[in-house]
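**Student:** So here's query-v1.pdb, just PDB, C-alpha atoms:
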ATOM      1  CA  MET A 877      28.034   7.340  22.500
ATOM      2  CA  TYR A 878      29.866   9.896  20.389
ATOM      3  CA  ASP A 879      33.359   8.742  21.417
ATOM      4  CA  ALA A 880      32.572   5.553  19.504
ATOM      5  CA  PHE A 881      32.171   7.491  16.278
ATOM      6  CA  HIS A 882      35.740   7.564  15.004
ATOM      7  CA  GLY A 883      36.790   9.170  11.752
ATOM      8  CA  GLY A 884      34.269  12.026  11.860
ATOM      9  CA  MET A 885      34.258  15.531  13.303
ATOM     10  CA  PRO A 886      33.016  15.521  16.943
ATOM     11  CA  ARG A 887      29.445  16.673  17.477
ATOM     12  CA  ALA A 888      30.474  19.464  19.860
ATOM     13  CA  ILE A 889      32.569  21.181  17.193
ATOM     14  CA  ILE A 890      29.866  20.830  14.536
ATOM     15  CA  GLU A 891      27.222  22.047  16.967
ATOM     16  CA  THR A 892      29.197  25.190  17.799
ATOM     17  CA  PHE A 893      29.622  26.005  14.121
ATOM     18  CA  VAL A 894      25.969  25.280  13.266
ATOM     19  CA  ARG A 895      24.727  27.429  16.171
ATOM     20  CA  GLN A 896      26.787  30.318  14.830
ATOM     21  CA  LYS A 897      25.378  29.868  11.338
ATOM     22  CA  LEU A 898      21.802  29.576  12.597
ATOM     23  CA  THR A 899      22.230  32.881  14.432
ATOM     24  CA  GLN A 900      23.602  34.509  11.272
ATOM     25  CA  LEU A 901      20.714  32.992   9.310
ATOM     26  CA  LYS A 902      18.348  35.527  10.874
ATOM     27  CA  SER A 903      20.171  38.479   9.317
ATOM     28  CA  ASP A 904      21.152  36.995   5.933
ATOM     29  CA  PRO A 905      19.174  33.773   5.343
ATOM     30  CA  GLU A 906      20.042  33.360   1.657
ATOM     31  CA  ARG A 907      23.814  33.563   1.914
ATOM     32  CA  CYS A 908      24.033  31.717   5.235
ATOM     33  CA  ALA A 909      21.862  28.871   3.946
ATOM     34  CA  ARG A 910      24.167  28.358   0.961
ATOM     35  CA  ASN A 911      27.278  28.533   3.158
ATOM     36  CA  LEU A 912      25.804  26.074   5.638
ATOM     37  CA  VAL A 913      24.948  23.560   2.904
ATOM     38  CA  ASP A 914      28.382  23.966   1.261
ATOM     39  CA  MET A 915      30.089  23.386   4.615
ATOM     40  CA  ALA A 916      27.932  20.359   5.369
ATOM     41  CA  LEU A 917      28.751  18.844   1.983
ATOM     42  CA  ASP A 918      32.485  19.303   2.569
ATOM     43  CA  PHE A 919      32.299  17.315   5.811
ATOM     44  CA  SER A 920      29.774  14.724   4.650
ATOM     45  CA  GLU A 921      30.908  11.102   4.755
ATOM     46  CA  GLY A 922      27.807   8.937   4.529
ATOM     47  CA  ARG A 923      25.875   8.161   1.357
ATOM     48  CA  PHE A 924      22.688   9.848   2.460
ATOM     49  CA  GLN A 925      24.504  12.960   3.714
ATOM     50  CA  LYS A 926      26.247  13.436   0.370
ATOM     51  CA  TYR A 927      23.030  12.791  -1.541
ATOM     52  CA  PHE A 928      20.977  15.178   0.597
ATOM     53  CA  PHE A 929      23.431  18.070   0.569
ATOM     54  CA  HIS A 930      24.119  17.736  -3.158
ATOM     55  CA  LEU A 931      20.349  17.970  -3.652
ATOM     56  CA  ALA A 932      20.072  20.955  -1.305
ATOM     57  CA  GLN A 933      22.978  22.675  -3.029
ATOM     58  CA  ALA A 934      21.323  22.244  -6.427
ATOM     59  CA  MET A 935      18.010  23.566  -5.111
ATOM     60  CA  LEU A 936      19.600  26.674  -3.599
ATOM     61  CA  LYS A 937      21.257  27.592  -6.904
ATOM     62  CA  ASN A 938      17.807  28.647  -8.029
ATOM     63  CA  ARG A 939      17.522  32.184  -6.601
ATOM     64  CA  GLN A 940      13.768  32.121  -7.264
ATOM     65  CA  SER A 941      13.280  28.941  -5.233
ATOM     66  CA  SER A 942      10.462  29.076  -2.703
ATOM     67  CA  TYR A 943      12.782  27.229  -0.336
ATOM     68  CA  TYR A 944      14.523  30.507   0.445
ATOM     69  CA  SER A 945      11.195  31.767   1.794
ATOM     70  CA  ILE A 946      10.903  28.632   3.927
ATOM     71  CA  ILE A 947      14.424  29.116   5.304
ATOM     72  CA  GLU A 948      13.753  32.778   6.045
ATOM     73  CA  ASP A 949      10.503  31.895   7.827
ATOM     74  CA  ILE A 950      12.175  29.200   9.940
ATOM     75  CA  ALA A 951      15.093  31.482  10.852
ATOM     76  CA  ALA A 952      12.775  34.268  11.955
ATOM     77  CA  ASN A 953      10.099  32.222  13.698
ATOM     78  CA  VAL A 954      11.654  29.086  15.234
ATOM     79  CA  ASP A 955      13.692  29.234  18.423
ATOM     80  CA  THR A 956      17.378  28.756  17.522
ATOM     81  CA  GLU A 957      18.187  26.250  20.279
ATOM     82  CA  ARG A 958      15.128  24.180  19.367
ATOM     83  CA  LEU A 959      16.121  24.155  15.704
ATOM     84  CA  LEU A 960      19.699  23.294  16.623
ATOM     85  CA  THR A 961      18.787  20.389  18.911
ATOM     86  CA  PHE A 962      16.293  18.770  16.573
ATOM     87  CA  GLY A 963      18.521  19.347  13.534
ATOM     88  CA  MET A 964      21.625  17.899  15.205
ATOM     89  CA  ASN A 965      19.715  14.886  16.538
ATOM     90  CA  VAL A 966      18.507  14.096  13.025
ATOM     91  CA  GLY A 967      21.542  15.228  11.030
ATOM     92  CA  TYR A 968      24.320  13.977  13.321
ATOM     93  CA  ASN A 969      22.940  11.408  15.766
ATOM     94  CA  SER A 970      20.629   9.734  13.254
ATOM     95  CA  LEU A 971      22.028  10.250   9.756
ATOM     96  CA  THR A 972      25.740  10.349  10.653
ATOM     97  CA  TYR A 973      26.535   8.375  13.810
ATOM     98  CA  GLY A 974      23.369   6.268  13.643
ATOM     99  CA  ALA A 975      23.683   5.533   9.918
ATOM    100  CA  LYS A 976      27.274   4.394  10.409
ATOM    101  CA  ARG A 977      26.212   2.121  13.268
ATOM    102  CA  ILE A 978      23.347   0.691  11.164
ATOM    103  CA  ARG A 979      25.624  -0.134   8.228
ATOM    104  CA  GLU A 980      28.173  -1.821  10.494
ATOM    105  CA  LEU A 981      25.551  -3.976  12.211
ATOM    106  CA  GLU A 982      23.838  -4.885   8.948
ATOM    107  CA  ALA A 983      27.147  -6.008   7.434
ATOM    108  CA  ALA A 984      28.071  -8.028  10.512
ATOM    109  CA  GLN A 985      24.697  -9.645  11.248
ATOM    110  CA  GLY A 986      22.980  -9.956   7.866
ATOM    111  CA  PHE A 987      19.661  -8.215   8.426
ATOM    112  CA  ASN A 988      18.276  -4.753   7.676
ATOM    113  CA  ILE A 989      17.898  -2.054  10.314
ATOM    114  CA  PRO A 990      15.665   0.978   9.649
ATOM    115  CA  TRP A 991      16.952   4.518  10.173
ATOM    116  CA  THR A 992      13.580   5.407  11.767
ATOM    117  CA  VAL A 993      10.633   3.548  13.283
ATOM    118  CA  ILE A 994       6.958   4.493  12.929
ATOM    119  CA  LEU A 995       4.798   3.878  16.006
ATOM    120  CA  TYR A 996       1.030   4.077  16.287
ATOM    121  CA  LEU A 997       0.065   4.667  19.912
ATOM    122  CA  ASP A 998      -3.309   4.733  21.611
ATOM    123  CA  SER A 999      -3.001   6.798  24.786
ATOM    124  CA  ASP A1000      -5.154   4.399  26.824
ATOM    125  CA  LYS A1001      -2.886   1.488  25.939
ATOM    126  CA  PHE A1002       0.236   3.619  26.163
ATOM    127  CA  ASN A1003      -0.476   4.382  29.821
ATOM    128  CA  MET A1004      -0.089   0.664  30.496
ATOM    129  CA  GLN A1005       3.018   0.126  28.362
ATOM    130  CA  SER A1006       4.959   3.393  28.631
ATOM    131  CA  GLN A1007       8.004   1.628  30.056
ATOM    132  CA  THR A1008       7.932  -0.841  27.164
ATOM    133  CA  VAL A1009       7.837   2.008  24.648
ATOM    134  CA  ASN A1010      10.747   3.755  26.344
ATOM    135  CA  SER A1011      12.657   0.471  26.352
ATOM    136  CA  LEU A1012      11.940   0.102  22.620
ATOM    137  CA  ILE A1013      13.411   3.559  21.968
ATOM    138  CA  CYS A1014      16.524   2.701  24.006
ATOM    139  CA  GLN A1015      16.891  -0.584  22.097
ATOM    140  CA  GLY A1016      16.591   1.347  18.861
ATOM    141  CA  LYS A1017      19.371   3.744  19.832
ATOM    142  CA  GLU A1018      21.665   0.806  20.504
ATOM    143  CA  LEU A1019      21.109  -0.205  16.871
ATOM    144  CA  GLY A1020      21.613   3.328  15.505
ATOM    145  CA  ILE A1021      17.951   4.437  15.342
ATOM    146  CA  TYR A1022      17.663   8.016  16.606
ATOM    147  CA  THR A1023      14.591   9.307  14.731
ATOM    148  CA  TRP A1024      11.025   8.265  15.607
ATOM    149  CA  PHE A1025       7.688   9.040  13.941
ATOM    150  CA  ILE A1026       4.891   8.589  16.469
ATOM    151  CA  PHE A1027       1.163   8.807  15.772
ATOM    152  CA  THR A1028      -0.841   9.442  18.928
ATOM    153  CA  LYS A1029      -4.528   8.853  19.452
ATOM    154  CA  GLY A1030      -6.183  10.338  22.495
ATOM    155  CA  ARG A1031      -3.783  12.208  24.788
ATOM    156  CA  PRO A1032      -0.562  13.129  22.945
ATOM    157  CA  ASP A1033       0.947  14.365  26.223
ATOM    158  CA  ALA A1034       1.367  10.717  27.219
ATOM    159  CA  MET A1035       4.315  10.615  24.804
ATOM    160  CA  LEU A1036       6.169  13.631  26.214
ATOM    161  CA  GLU A1037       7.826  11.696  29.045
ATOM    162  CA  ALA A1038       9.553   9.363  26.578
ATOM    163  CA  VAL A1039      10.597  12.370  24.457
ATOM    164  CA  ALA A1040      12.105  14.077  27.513
ATOM    165  CA  GLN A1041      13.889  10.890  28.625
ATOM    166  CA  ASN A1042      15.661  10.571  25.261
ATOM    167  CA  PRO A1043      17.163  14.023  24.591
ATOM    168  CA  ASP A1044      19.647  12.571  22.057
ATOM    169  CA  ALA A1045      16.841  11.291  19.792
ATOM    170  CA  ALA A1046      14.531  13.254  17.461
ATOM    171  CA  PHE A1047      10.770  12.749  17.610
ATOM    172  CA  VAL A1048       8.056  13.686  15.131
ATOM    173  CA  VAL A1049       4.808  13.387  17.099
ATOM    174  CA  LEU A1050       1.676  13.462  14.923
ATOM    175  CA  ALA A1051      -1.664  14.281  16.514
ATOM    176  CA  ASP A1052      -5.093  15.629  15.633
ATOM    177  CA  ALA A1053      -5.236  19.409  15.989
ATOM    178  CA  HIS A1054      -8.124  19.355  18.467
ATOM    179  CA  GLU A1055      -5.954  17.289  20.871
ATOM    180  CA  LEU A1056      -3.217  19.943  21.057
ATOM    181  CA  ASP A1057      -4.540  22.225  23.773
ATOM    182  CA  ASP A1058      -2.688  25.048  25.561
ATOM    183  CA  THR A1059      -1.496  22.805  28.388
ATOM    184  CA  PHE A1060       0.011  20.307  25.957
ATOM    185  CA  ILE A1061       1.653  23.025  23.852
ATOM    186  CA  GLU A1062       3.274  24.502  26.962
ATOM    187  CA  SER A1063       4.665  21.097  27.967
ATOM    188  CA  ALA A1064       5.782  20.263  24.434
ATOM    189  CA  GLY A1065       7.638  23.567  24.268
ATOM    190  CA  LYS A1066      10.084  22.276  26.891
ATOM    191  CA  CYS A1067      11.240  19.464  24.556
ATOM    192  CA  HIS A1068      13.726  20.806  22.019
ATOM    193  CA  ASN A1069      14.095  17.378  20.382
ATOM    194  CA  LEU A1070      10.454  17.365  19.258
ATOM    195  CA  MET A1071       8.688  18.422  16.071
ATOM    196  CA  LEU A1072       4.915  18.388  16.374
ATOM    197  CA  SER A1073       2.902  17.519  13.290
ATOM    198  CA  VAL A1074      -0.632  18.881  13.348
ATOM    199  CA  GLY A1075      -3.424  16.920  11.702
ATOM    200  CA  CYS A1076      -5.644  18.767   9.243
ATOM    201  CA  ASP A1077      -9.061  19.568  10.708
ATOM    202  CA  SER A1078     -11.113  22.615  11.689
ATOM    203  CA  ASP A1079      -8.687  23.496  14.527
ATOM    204  CA  THR A1080      -5.471  23.342  12.465
ATOM    205  CA  VAL A1081      -5.119  27.055  11.724
ATOM    206  CA  ALA A1082      -5.691  28.084  15.353
ATOM    207  CA  VAL A1083      -3.224  25.498  16.674
ATOM    208  CA  CYS A1084      -0.561  26.460  14.138
ATOM    209  CA  ASP A1085      -0.988  30.109  15.099
ATOM    210  CA  LYS A1086      -0.226  29.194  18.712
ATOM    211  CA  LEU A1087       2.786  27.068  17.806
ATOM    212  CA  HIS A1088       4.074  29.814  15.522
ATOM    213  CA  SER A1089       3.694  32.503  18.186
ATOM    214  CA  GLN A1090       5.695  30.387  20.651
ATOM    215  CA  LYS A1091       8.478  29.736  18.099
ATOM    216  CA  LEU A1092       8.002  25.960  18.138
ATOM    217  CA  LEU A1093       9.114  23.693  15.313
ATOM    218  CA  TYR A1094       6.086  22.055  13.725
ATOM    219  CA  SER A1095       4.679  20.596  10.532
ATOM    220  CA  VAL A1096       1.218  19.698   9.228
ATOM    221  CA  TYR A1097       0.103  16.260   8.101
ATOM    222  CA  THR A1098      -2.848  14.953   6.145
ATOM    223  CA  ASP A1099      -4.171  11.453   5.542
ATOM    224  CA  ILE A1100      -4.563  11.246   1.771
ATOM    225  CA  ARG A1101      -7.092   8.450   2.202
ATOM    226  CA  ARG A1102      -9.477  10.820   4.005
ATOM    227  CA  ASP A1103      -8.881  14.001   2.012
ATOM    228  CA  SER A1104     -10.786  14.066  -1.245
ATOM    229  CA  ARG A1105      -9.618  17.492  -2.404
ATOM    230  CA  GLY A1106      -8.689  17.007  -6.085
ATOM    231  CA  THR A1107      -5.211  16.026  -7.146
ATOM    232  CA  ILE A1108      -2.053  15.855  -5.059
ATOM    233  CA  SER A1109      -0.864  19.136  -6.603
ATOM    234  CA  GLU A1110      -4.147  20.864  -5.732
ATOM    235  CA  LEU A1111      -4.064  19.453  -2.224
ATOM    236  CA  ILE A1112      -0.534  20.734  -1.613
ATOM    237  CA  GLU A1113      -1.430  24.139  -3.026
ATOM    238  CA  TYR A1114      -4.480  24.258  -0.755
ATOM    239  CA  LYS A1115      -2.605  23.311   2.408
ATOM    240  CA  ALA A1116       0.293  25.676   1.646
ATOM    241  CA  SER A1117      -2.068  28.537   0.843
ATOM    242  CA  GLU A1118      -3.473  28.538   4.394
ATOM    243  CA  CYS A1119      -0.400  30.469   5.590
ATOM    244  CA  LEU A1120       0.305  27.941   8.316
ATOM    245  CA  HIS A1121       4.029  28.771   8.347
ATOM    246  CA  THR A1122       4.836  25.069   8.173
ATOM    247  CA  PRO A1123       8.140  24.022   6.562
ATOM    248  CA  PHE A1124       6.865  20.479   5.969
ATOM    249  CA  LEU A1125       3.588  19.005   4.763
ATOM    250  CA  LEU A1126       3.524  15.307   5.615
ATOM    251  CA  PHE A1127       1.385  12.846   3.678
ATOM    252  CA  LEU A1128       0.062   9.560   5.010
ATOM    253  CA  GLY A1129      -1.632   6.779   3.097
ATOM    254  CA  SER A1130      -1.807   5.361  -0.390
ATOM    255  CA  ALA A1131      -2.959   7.004  -3.588
ATOM    256  CA  PRO A1132      -6.486   6.353  -4.855
ATOM    257  CA  ASP A1133      -5.044   4.762  -7.996
ATOM    258  CA  SER A1134      -1.382   3.757  -7.884
ATOM    259  CA  GLU A1135       1.118   4.448  -5.145
ATOM    260  CA  SER A1136       3.954   5.034  -7.620
ATOM    261  CA  GLU A1137       2.013   7.750  -9.458
ATOM    262  CA  TYR A1138       1.017   9.368  -6.167
ATOM    263  CA  TYR A1139       4.594   9.473  -4.907
ATOM    264  CA  ARG A1140       5.906  10.643  -8.271
ATOM    265  CA  LYS A1141       3.589  13.635  -8.088
ATOM    266  CA  ILE A1142       4.792  14.540  -4.589
ATOM    267  CA  CYS A1143       8.413  14.403  -5.790
ATOM    268  CA  GLU A1144       7.515  16.498  -8.827
ATOM    269  CA  VAL A1145       5.913  19.213  -6.695
ATOM    270  CA  ARG A1146       8.815  19.130  -4.225
ATOM    271  CA  GLU A1147      11.334  19.639  -7.008
ATOM    272  CA  GLY A1148       9.311  22.464  -8.553
ATOM    273  CA  HIS A1149      10.496  25.050  -6.001
ATOM    274  CA  HIS A1150       7.251  27.057  -6.105
ATOM    275  CA  ILE A1151       5.412  25.920  -2.951
ATOM    276  CA  LYS A1152       6.271  27.427   0.452
ATOM    277  CA  THR A1153       6.353  24.053   2.128
ATOM    278  CA  VAL A1154       8.214  20.766   1.538
ATOM    279  CA  PRO A1155       5.858  17.824   0.834
ATOM    280  CA  PHE A1156       7.077  14.584   2.433
ATOM    281  CA  ASP A1157       5.482  11.155   2.079
ATOM    282  CA  ILE A1158       5.792   9.450   5.447
ATOM    283  CA  TYR A1159       6.005   5.916   4.071
ATOM    284  CA  GLU A1160       7.724   6.328   0.711
ATOM    285  CA  ASP A1161      10.273   9.009   1.644
ATOM    286  CA  ILE A1162      11.256   7.098   4.780
ATOM    287  CA  ARG A1163      11.673   3.977   2.650
ATOM    288  CA  TYR A1164      13.695   5.895   0.059
ATOM    289  CA  ILE A1165      16.048   7.436   2.656
ATOM    290  CA  ASP A1166      16.599   3.997   4.166
ATOM    291  CA  GLY A1167      17.623   2.629   0.773
ATOM    292  CA  VAL A1168      20.163   5.430   0.340
ATOM    293  CA  ILE A1169      21.624   4.838   3.807
ATOM    294  CA  SER A1170      22.043   1.086   3.576
ATOM    295  CA  GLU A1171      21.173   0.001  -0.006
ATOM    296  CA  ASP A1172      18.228  -2.225   1.027
ATOM    297  CA  SER A1173      15.108  -0.281   2.051
ATOM    298  CA  CYS A1174      13.436  -1.268   5.308
ATOM    299  CA  LEU A1175      10.127   0.226   6.517
ATOM    300  CA  THR A1176       9.297  -0.644  10.133
ATOM    301  CA  ILE A1177       5.842   0.138  11.556
ATOM    302  CA  PHE A1178       4.225  -0.998  14.819
ATOM    303  CA  ASP A1179       0.499  -0.685  15.583
ATOM    304  CA  ALA A1180      -1.062   0.493  18.855
ATOM    305  CA  ASP A1181      -0.922  -3.039  20.291
ATOM    306  CA  GLY A1182       2.804  -3.299  19.593
ATOM    307  CA  ASN A1183       2.462  -5.634  16.592
ATOM    308  CA  LEU A1184       4.765  -5.276  13.612
ATOM    309  CA  LEU A1185       2.812  -4.408  10.465
ATOM    310  CA  ARG A1186       3.383  -6.582   7.423
ATOM    311  CA  PRO A1187       3.981  -4.918   4.013
ATOM    312  CA  ASP A1188       0.208  -5.017   3.380
ATOM    313  CA  ARG A1189      -0.253  -3.111   6.700
ATOM    314  CA  THR A1190      -1.881  -6.038   8.526
ATOM    315  CA  PRO A1191      -0.588  -6.749  12.056
ATOM    316  CA  ASP A1192       1.641  -9.743  12.801
ATOM    317  CA  PRO A1193       1.088 -10.610  16.509
ATOM    318  CA  GLN A1194       4.050 -13.002  16.667
ATOM    319  CA  TYR A1195       6.354  -9.979  16.321
ATOM    320  CA  ASN A1196       5.332  -7.659  19.143
ATOM    321  CA  TYR A1197       7.711  -5.311  20.975
ATOM    322  CA  ASN A1198       5.880  -5.920  24.274
ATOM    323  CA  THR A1199       7.001  -9.555  24.262
ATOM    324  CA  MET A1200      10.064  -9.526  21.977
ATOM    325  CA  ASN A1201      13.069  -7.238  21.748
ATOM    326  CA  LEU A1202      13.612  -5.081  18.696
ATOM    327  CA  LEU A1203      16.829  -6.791  17.634
ATOM    328  CA  ASP A1204      15.096 -10.184  17.439
ATOM    329  CA  ILE A1205      12.142  -8.756  15.520
ATOM    330  CA  LEU A1206      14.360  -7.114  12.917
ATOM    331  CA  SER A1207      16.667 -10.107  12.549
ATOM    332  CA  ALA A1208      13.672 -12.417  12.002
ATOM    333  CA  CYS A1209      11.703 -10.167   9.619
ATOM    334  CA  PHE A1210      14.258  -8.204   7.630
ATOM    335  CA  LYS A1211      16.950 -10.625   6.571
ATOM    336  CA  LYS A1212      19.167  -9.489   3.687
TER     337      LYS A1212
END
What is this file in structure tokens?
**Tutor:**
Amino acid sequence: MYDAFHGGMPRAIIETFVRQKLTQLKSDPERCARNLVDMALDFSEGRFQKYFFHLAQAMLKNRQSSYYSIIEDIAANVDTERLLTFGMNVGYNSLTYGAKRIRELEAAQGFNIPWTVILYLDSDKFNMQSQTVNSLICQGKELGIYTWFIFTKGRPDAMLEAVAQNPDAAFVVLADAHELDDTFIESAGKCHNLMLSVGCDSDTVAVCDKLHSQKLLYSVYTDIRRDSRGTISELIEYKASECLHTPFLLFLGSAPDSESEYYRKICEVREGHHIKTVPFDIYEDIRYIDGVISEDSCLTIFDADGNLLRPDRTPDPQYNYNTMNLLDILSACFKK
């Protein structure tokens, strides 16, 4: 794969340098974080890379930024090889090599390709279509898609085989906290290309404590449609105040009033530098990143039956990855 990426620094060289910096991060997180971002900006070629590292550079100029606390926490409490693998799969495979591949294919074939795909999986159905899901992931990689957001219902361990079979991709697997038992956590710990995202319920604190003690990379997510706790700002403050040691707080769903106001508030809190977590809207931030990568934004979501979801989130059975390949679905539904 990587030999096809001409004009950029080889992954092996970047990986060696990043591993060195991640090791140094433990002893001097503030200085190493700035050096790492400065280096990344110097070697950035893609639009999103330049945008992201310019933003990170500006944020780290604020010595009082809470993001230094997040970096210090990650450096001290996440296994270095796990952080390296997931970070390289997102930063290099997805947003460098993959983004370049996406732009080339979009220009040549005239339809939009997402940088990530969101899957909703029901474990009972997944047991019957696991090979189809793995095929979908392989098809995605051929198009430049190396990051996957996967919501599991039932047994999240059903997804671990696909994660293990695609070590060059990055997976964010979102599951209810009560489903993440000790057996699952032990198995998930073997997958360095995985970030678990723990749903907010009565078991969240206990599960996060276990993940933290085992130096796993994880986040917390909440469905805004089901959480009635005040405003977005109050909700973020509440989740961050639980000392869950989570670098990311993922939001799912639409705002009670207007989606634009809801997302604006998340961006405002994120840019305020005072919360020890980074709020991320699963739909809107994914859409925004896609627009930076390839100008036209493209949000691709499949339900538990394999149907593509229309913009209003209703399923479209004629576009189903169990009966149609991903290339044909995207070319039919996301023309430029």
**Student:** Excluding same-chain residues fewer than 2 positions from Pro905 in chain A, what lies within 9 Å of it counting only C-alpha atoms, as a PyMOL selection string?
**Tutor:** chain A and resi 898+900-903+907-910+944-945+947-948+951
**Student:** What lies within 7 Å of range 1196-1202 of chain A using all atoms listed in the file, ignoring chain neighbours under 6 positions off, as a short mmCIF file (atom, residue, chain, number, x, y, z; two decimals) with C-alpha atoms, keeping the file's coordinate frame?
**Tutor:**
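Wrote selection-v2.cif, looks like this:
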data_model
loop_
_atom_site.label_atom_id
_atom_site.label_comp_id
_atom_site.auth_asym_id
_atom_site.auth_seq_id
_atom_site.Cartn_x
_atom_site.Cartn_y
_atom_site.Cartn_z
CA THR A 1008 7.93 -0.84 27.16
CA LEU A 1012 11.94 0.10 22.62
CA GLN A 1015 16.89 -0.58 22.10
CA GLY A 1182 2.80 -3.30 19.59
CA ASN A 1183 2.46 -5.63 16.59
CA LEU A 1184 4.76 -5.28 13.61
#
**Student:** Find, counting all atoms listed in the file, the residue in A:Glu1137, A:Leu1050, A:Thr1190, A:Ser1063 that gets nearest to Leu1125 in chain A.
**Tutor:**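 So, comparing all the options, the nearest one is A:Leu1050.
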**Student:** Would you please work out which residue, of A:Ala1040, A:Gly1016, A:Thr1122, A:Ala1045, is nearest to Leu1072 in chain A when using only C-alpha atoms?
**Tutor:**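 Of all the options, A:Thr1122 lies closest to Leu1072 in chain A.
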**Student:** As a check of understanding, name the residues that the PyMOL selection byres ((chain A and resi 1026) around 6) selects in the supplied structure, as a list of chain:residue names.
**Tutor:**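 This file, filtered by the PyMOL selection byres ((chain A and resi 1026) around 6), leaves A:Ile994, A:Leu995, A:Tyr996, A:Phe1025, A:Phe1027, A:Val1049.
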**Student:** Between A:Thr1059, A:Asn1042, A:Thr1028, A:Thr899, which has the minimum distance to Val1074 in chain A (counting all atoms listed in the file)?
**Tutor:** A:Thr1028
**Student:** Have a look at A:Gly963, A:Pro1123, A:Pro886, A:Pro1187 and name the one nearest to His1068 in chain A; count only C-alpha atoms.
**Tutor:** A:Gly963
**Student:** What separation in Å, quoted to one decimal, exists between CA of Arg1140 in chain A and CA of Val1154 in chain A?
**Tutor:**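 So the answer is 14.3 Å.
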**Student:** Give the answer as one residue: which of A:Leu1087, A:Asn969, A:Thr1023, A:Ala1046 has the shortest atom-to-atom distance to Glu1062 in chain A, using all atoms listed in the file?
**Tutor:**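 Going through A:Leu1087, A:Asn969, A:Thr1023, A:Ala1046 one by one, the smallest distance to Glu1062 in chain A is for A:Leu1087.
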**Student:** Contacts of Leu1070 in chain A at 10 Å or less, counting only C-alpha atoms, minus same-chain residues fewer than 4 places along, as a list in words?
**Tutor:**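 Near Leu1070 in chain A, the qualifying residues are Arg958, Leu959, Thr961, Phe962, Asn965, Trp1024, Leu1036, Val1039, Ala1040, Pro1043, Ala1045, Ala1046, Phe1047, Val1048, Val1049, Ala1064, Gly1065, Lys1066, Leu1092, Leu1093 and Tyr1094 of chain A.
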**Student:** Quick one: pull the distance between CA of Tyr1022 in chain A and CA of Ser970 in chain A, Å, one decimal.
**Tutor:**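 According to the coordinates, CA of Tyr1022 in chain A and CA of Ser970 in chain A are separated by 4.8 Å.
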**Student:** For CA of Lys1001 in chain A and CA of Ser1095 in chain A, determine how far apart the two atoms are, in Å to one decimal place.
**Tutor:**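 Pair CA of Lys1001 in chain A / CA of Ser1095 in chain A returns 25.7 Å.
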**Student:** Quick one: everything within 7 Å of Lys1212 in chain A, counting only C-alpha atoms, minus sequence neighbours fewer than 6 positions away in the same chain. Send it as a ChimeraX atom specification.
**Tutor:** /A:986-988
**Student:** Since the input is missing atoms, can you rebuild N, CA and C atoms for range 1033-1045 of chain A and write them as a PDB file, keeping the file's coordinate frame?
**Tutor:**
ATOM      1  N   ASP A1033       0.008  14.046  25.148  1.00  0.00           N
ATOM      2  CA  ASP A1033       0.947  14.365  26.223  1.00  0.00           C
ATOM      3  C   ASP A1033       1.517  13.104  26.868  1.00  0.00           C
ATOM      4  N   ALA A1034       0.850  11.967  26.661  1.00  0.00           N
ATOM      5  CA  ALA A1034       1.367  10.717  27.219  1.00  0.00           C
ATOM      6  C   ALA A1034       2.730  10.364  26.644  1.00  0.00           C
ATOM      7  N   MET A1035       3.048  10.926  25.469  1.00  0.00           N
ATOM      8  CA  MET A1035       4.315  10.615  24.804  1.00  0.00           C
ATOM      9  C   MET A1035       5.458  11.517  25.255  1.00  0.00           C
ATOM     10  N   LEU A1036       5.143  12.633  25.913  1.00  0.00           N
ATOM     11  CA  LEU A1036       6.169  13.631  26.214  1.00  0.00           C
ATOM     12  C   LEU A1036       7.227  13.129  27.196  1.00  0.00           C
ATOM     13  N   GLU A1037       6.845  12.226  28.087  1.00  0.00           N
ATOM     14  CA  GLU A1037       7.826  11.696  29.045  1.00  0.00           C
ATOM     15  C   GLU A1037       8.934  10.942  28.318  1.00  0.00           C
ATOM     16  N   ALA A1038       8.550  10.105  27.345  1.00  0.00           N
ATOM     17  CA  ALA A1038       9.553   9.363  26.578  1.00  0.00           C
ATOM     18  C   ALA A1038      10.427  10.314  25.759  1.00  0.00           C
ATOM     19  N   VAL A1039       9.830  11.377  25.215  1.00  0.00           N
ATOM     20  CA  VAL A1039      10.597  12.370  24.457  1.00  0.00           C
ATOM     21  C   VAL A1039      11.629  13.025  25.365  1.00  0.00           C
ATOM     22  N   ALA A1040      11.208  13.411  26.571  1.00  0.00           N
ATOM     23  CA  ALA A1040      12.105  14.077  27.513  1.00  0.00           C
ATOM     24  C   ALA A1040      13.206  13.142  28.004  1.00  0.00           C
ATOM     25  N   GLN A1041      12.903  11.854  28.123  1.00  0.00           N
ATOM     26  CA  GLN A1041      13.889  10.890  28.625  1.00  0.00           C
ATOM     27  C   GLN A1041      14.927  10.496  27.580  1.00  0.00           C
ATOM     28  N   ASN A1042      14.725  10.914  26.339  1.00  0.00           N
ATOM     29  CA  ASN A1042      15.661  10.571  25.261  1.00  0.00           C
ATOM     30  C   ASN A1042      16.075  11.839  24.513  1.00  0.00           C
ATOM     31  N   PRO A1043      16.820  12.730  25.189  1.00  0.00           N
ATOM     32  CA  PRO A1043      17.163  14.023  24.591  1.00  0.00           C
ATOM     33  C   PRO A1043      18.106  13.916  23.402  1.00  0.00           C
ATOM     34  N   ASP A1044      18.736  12.747  23.193  1.00  0.00           N
ATOM     35  CA  ASP A1044      19.647  12.571  22.057  1.00  0.00           C
ATOM     36  C   ASP A1044      18.923  12.041  20.815  1.00  0.00           C
ATOM     37  N   ALA A1045      17.629  11.765  20.926  1.00  0.00           N
ATOM     38  CA  ALA A1045      16.841  11.291  19.792  1.00  0.00           C
ATOM     39  C   ALA A1045      15.941  12.426  19.288  1.00  0.00           C
TER      40      ALA A1045
END
